[in-house]
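For reference, the structure is listed below as structure tokens.
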Amino acid sequence: MSKEVESRGRVPDELRRERAGARVPDSNAVPIQATRELLRIVRAAQPIPRVAVARRLGVHRRRITVLVKPLIDSGILREGAPDPAIVRRVGRPAIGLSLKSETEFLIGINIGVSQMRLGAAMVDGTLLAEESIPTPREANAALSEIRTWIQKQTARFADRELVVVGISVAGPTDVEHGKLLYAPHLGWRDVAIAERLNIHAKVLVENNATAAAVYEAQRRRARSTTRNAGDFVLVRAGTGIGVGLVIDGEVYRGTTGPDIAGEFGHMTIVAGGKQCSCGNFGCWERYASTMSAVELYSGDRSRASFRSVMTFDEIVSRASAGERRAQTTLERVGTHLGIGIGNVICGLGVPDVVLSGDLLRAWKFIQEPARTAIAMSLCGKLSRWSLEAGDSRGSELGGALEVAIEYYLSLLAAKKVAA
Ligand SMILES: [Zn+2]
């Protein structure tokens, strides 16, 4: 993929130009990408000593001095003794770099099928406020609730500036223009969210599988000793299924037009199968989502009626209590999940898969059938692969906030280097 493509919609113009190969004005200039990687590592592992940052970036300590100085001078980073509570908890060395986060805040909003999760956080991810409200059926009503909530937080944290709002929703989006293209489970189409909110902050609208992938990439940076989060596929399975792809630490979102990469939930796995909300038949998410588990458990009753008699969580409780019918249901969902994951691994050539979303609650029952199905696929036989459980917060508020933080760090890196 081209450098232009991998950065589209995710980063400020300055970084996009640098990655597309625009000439750096002089050889001593600090590349935006290096500053961005440094900020990401500090955000994930703060407080972190300079020597550890140098090791992870694979550069000499002198280079770190060049990168860090303008960030400290302009009040983006601080260096010193960390919070004593952190030392007690993780026993880190006393001196480290961390993000200064006294003057700004960010908002993350996950629009789920039944709940909207809204949160405000500092640049380092520390939560300032969090709330869940039922998702209104109409997009207009939802936008009006969101706008009111944002105004409330802006007034509440008046000593801080709201810099970025990250919104995650299940369906293809146009991140850069802050648009939702289609959310089949909500029945919303072409909603110009950023334009309609009309606030003085950048608004990003991200597919929630991609948001969960951004969140997992951050978690990987937090626990790794390497430069970036590497390559992995994130499968978010809840009411529907979405896939996020991270290559060399960067989210991949397709080559042109809207950000539609990862819509594997609507690949056909059963010819002439059950009808999907997208209008097609036999889509993967009709067989490996929480909704499909409810449907399978409830037999042939209509979709409207089974929803009221049984929830996915009840099926998981029954399976945990030893009910065979519930266990078989979840095992069949696990098999279908694995069949689809085998296809995704074959199609993308990325063998490490992280599962996120509400389906995780049945991890105990679905993981073995899923592994068996992956192992049966051609690529499962040819290549090493892995399937692990992610953090469920990634497909909820955590992912939406991380999208905002990630963009803001890129913005800081671009401004600092341009200054
Ligand atoms: Zn479909």
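Simple scheme: letters A, B, ... for chains in structure tokens order, numbers from 1 for residues in each chain, numbers from 1 for ligands in the order shown.
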Which chains and residue numbers are within 12 Å of ligand 1, counting only C-alpha atoms and all ligand atoms, if I want them as an NGL selection string? :A and (171 or 183-185 or 239-242 or 263-270 or 273-289)
Those of region 111-278 of chain A in DSSP strand (DSSP E or B), formatted as a PyMOL selection string: chain A and resi 111+115-121+127-134+161-169+173-174+179-183+188-191+202-207+232-237+241-247+250-252+259+268+275
Store the residues picked out above in a file with C-alpha atoms, as a PDB file, in the first residue's frame.
ATOM      1  CA  ILE A 111     -22.790   4.884  19.225  1.00  0.00           C
ATOM      2  CA  GLN A 115     -26.437   2.341  24.170  1.00  0.00           C
ATOM      3  CA  MET A 116     -24.364   5.445  23.474  1.00  0.00           C
ATOM      4  CA  ARG A 117     -21.255   5.632  25.660  1.00  0.00           C
ATOM      5  CA  LEU A 118     -19.839   9.099  26.092  1.00  0.00           C
ATOM      6  CA  GLY A 119     -16.604  10.042  27.814  1.00  0.00           C
ATOM      7  CA  ALA A 120     -14.226  12.944  28.302  1.00  0.00           C
ATOM      8  CA  ALA A 121     -10.523  12.300  28.908  1.00  0.00           C
ATOM      9  CA  LEU A 127     -11.053   9.730  32.225  1.00  0.00           C
ATOM     10  CA  LEU A 128     -12.662  12.975  33.402  1.00  0.00           C
ATOM     11  CA  ALA A 129     -16.311  12.008  32.842  1.00  0.00           C
ATOM     12  CA  GLU A 130     -18.261   9.025  31.575  1.00  0.00           C
ATOM     13  CA  GLU A 131     -21.925   8.363  30.867  1.00  0.00           C
ATOM     14  CA  SER A 132     -24.149   5.838  29.074  1.00  0.00           C
ATOM     15  CA  ILE A 133     -27.506   6.737  27.561  1.00  0.00           C
ATOM     16  CA  PRO A 134     -29.930   4.744  25.391  1.00  0.00           C
ATOM     17  CA  GLU A 161      -9.847  23.356  25.566  1.00  0.00           C
ATOM     18  CA  LEU A 162     -11.780  20.622  23.756  1.00  0.00           C
ATOM     19  CA  VAL A 163      -9.404  19.604  20.957  1.00  0.00           C
ATOM     20  CA  VAL A 164     -10.743  16.462  19.247  1.00  0.00           C
ATOM     21  CA  VAL A 165     -13.957  14.417  19.331  1.00  0.00           C
ATOM     22  CA  GLY A 166     -13.721  10.755  18.273  1.00  0.00           C
ATOM     23  CA  ILE A 167     -16.984   8.996  17.413  1.00  0.00           C
ATOM     24  CA  SER A 168     -17.159   5.256  16.725  1.00  0.00           C
ATOM     25  CA  VAL A 169     -20.111   3.546  15.088  1.00  0.00           C
ATOM     26  CA  THR A 173     -17.569   5.961   7.505  1.00  0.00           C
ATOM     27  CA  ASP A 174     -15.670   8.806   5.885  1.00  0.00           C
ATOM     28  CA  LYS A 179     -19.469  11.284   8.010  1.00  0.00           C
ATOM     29  CA  LEU A 180     -21.293   8.070   8.719  1.00  0.00           C
ATOM     30  CA  LEU A 181     -22.045   6.381   5.399  1.00  0.00           C
ATOM     31  CA  TYR A 182     -24.234   3.527   6.549  1.00  0.00           C
ATOM     32  CA  ALA A 183     -25.029   1.860   9.866  1.00  0.00           C
ATOM     33  CA  TRP A 188     -28.887   5.354   9.508  1.00  0.00           C
ATOM     34  CA  ARG A 189     -27.523   6.435   6.125  1.00  0.00           C
ATOM     35  CA  ASP A 190     -25.339   9.373   5.023  1.00  0.00           C
ATOM     36  CA  VAL A 191     -25.211  11.299   8.282  1.00  0.00           C
ATOM     37  CA  LYS A 202     -12.050  18.318  14.943  1.00  0.00           C
ATOM     38  CA  VAL A 203     -14.687  15.565  14.764  1.00  0.00           C
ATOM     39  CA  LEU A 204     -13.593  12.141  13.483  1.00  0.00           C
ATOM     40  CA  VAL A 205     -16.161   9.444  12.705  1.00  0.00           C
ATOM     41  CA  GLU A 206     -14.595   6.015  12.790  1.00  0.00           C
ATOM     42  CA  ASN A 207     -15.857   2.521  12.089  1.00  0.00           C
ATOM     43  CA  PHE A 232      -2.738  -7.733  13.358  1.00  0.00           C
ATOM     44  CA  VAL A 233      -6.382  -8.147  12.429  1.00  0.00           C
ATOM     45  CA  LEU A 234      -9.086  -7.082  14.867  1.00  0.00           C
ATOM     46  CA  VAL A 235     -12.449  -8.829  14.579  1.00  0.00           C
ATOM     47  CA  ARG A 236     -15.192  -6.952  16.427  1.00  0.00           C
ATOM     48  CA  ALA A 237     -18.186  -9.195  16.836  1.00  0.00           C
ATOM     49  CA  ILE A 241     -19.187  -8.069  12.661  1.00  0.00           C
ATOM     50  CA  GLY A 242     -16.531  -5.582  11.567  1.00  0.00           C
ATOM     51  CA  VAL A 243     -12.814  -6.039  10.932  1.00  0.00           C
ATOM     52  CA  GLY A 244     -10.004  -3.566  11.571  1.00  0.00           C
ATOM     53  CA  LEU A 245      -6.565  -4.035  10.050  1.00  0.00           C
ATOM     54  CA  VAL A 246      -3.261  -2.752  11.458  1.00  0.00           C
ATOM     55  CA  ILE A 247      -0.149  -3.017   9.267  1.00  0.00           C
ATOM     56  CA  GLU A 250      -0.836   1.860  11.247  1.00  0.00           C
ATOM     57  CA  VAL A 251      -4.534   1.369  10.576  1.00  0.00           C
ATOM     58  CA  TYR A 252      -5.349   0.459   6.986  1.00  0.00           C
ATOM     59  CA  ASP A 259     -13.155   4.034   4.355  1.00  0.00           C
ATOM     60  CA  THR A 268     -21.044 -14.436   2.057  1.00  0.00           C
ATOM     61  CA  GLN A 275     -31.068 -12.646   4.864  1.00  0.00           C
TER      62      GLN A 275
END
Go through A:Val113, A:Tyr407, A:Met122, A:Trp385 one by one, measure the shortest atom-to-atom distance of each to Asp358 (chain A) using only C-alpha atoms, and give the residue with the smallest value.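 Checking each candidate against Asp358 (chain A), we get A:Val113 as the closest.
Comparing the minimum interatomic distances between Leu409 (chain A) and each of A:Arg219, A:Arg147, A:Arg137, A:Arg36, counting only C-alpha atoms, we find that A:Arg36 sits nearest.
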Which residues are close to Gln46 (chain A), i.e. within 9 Å by only C-alpha atoms, leaving aside same-chain residues fewer than 6 positions away? Reply as a list in words.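 Contacts, with the query itself left out: Pro82, Gly96, Leu97, Ser98, Leu99, Asp124 and Ala222 of chain A.
Each of A:Ser292, A:Ser386, A:Ser320, A:Asn198 was compared to Asp352 (chain A) using only C-alpha atoms, and A:Ser386 turns out to be the nearest.
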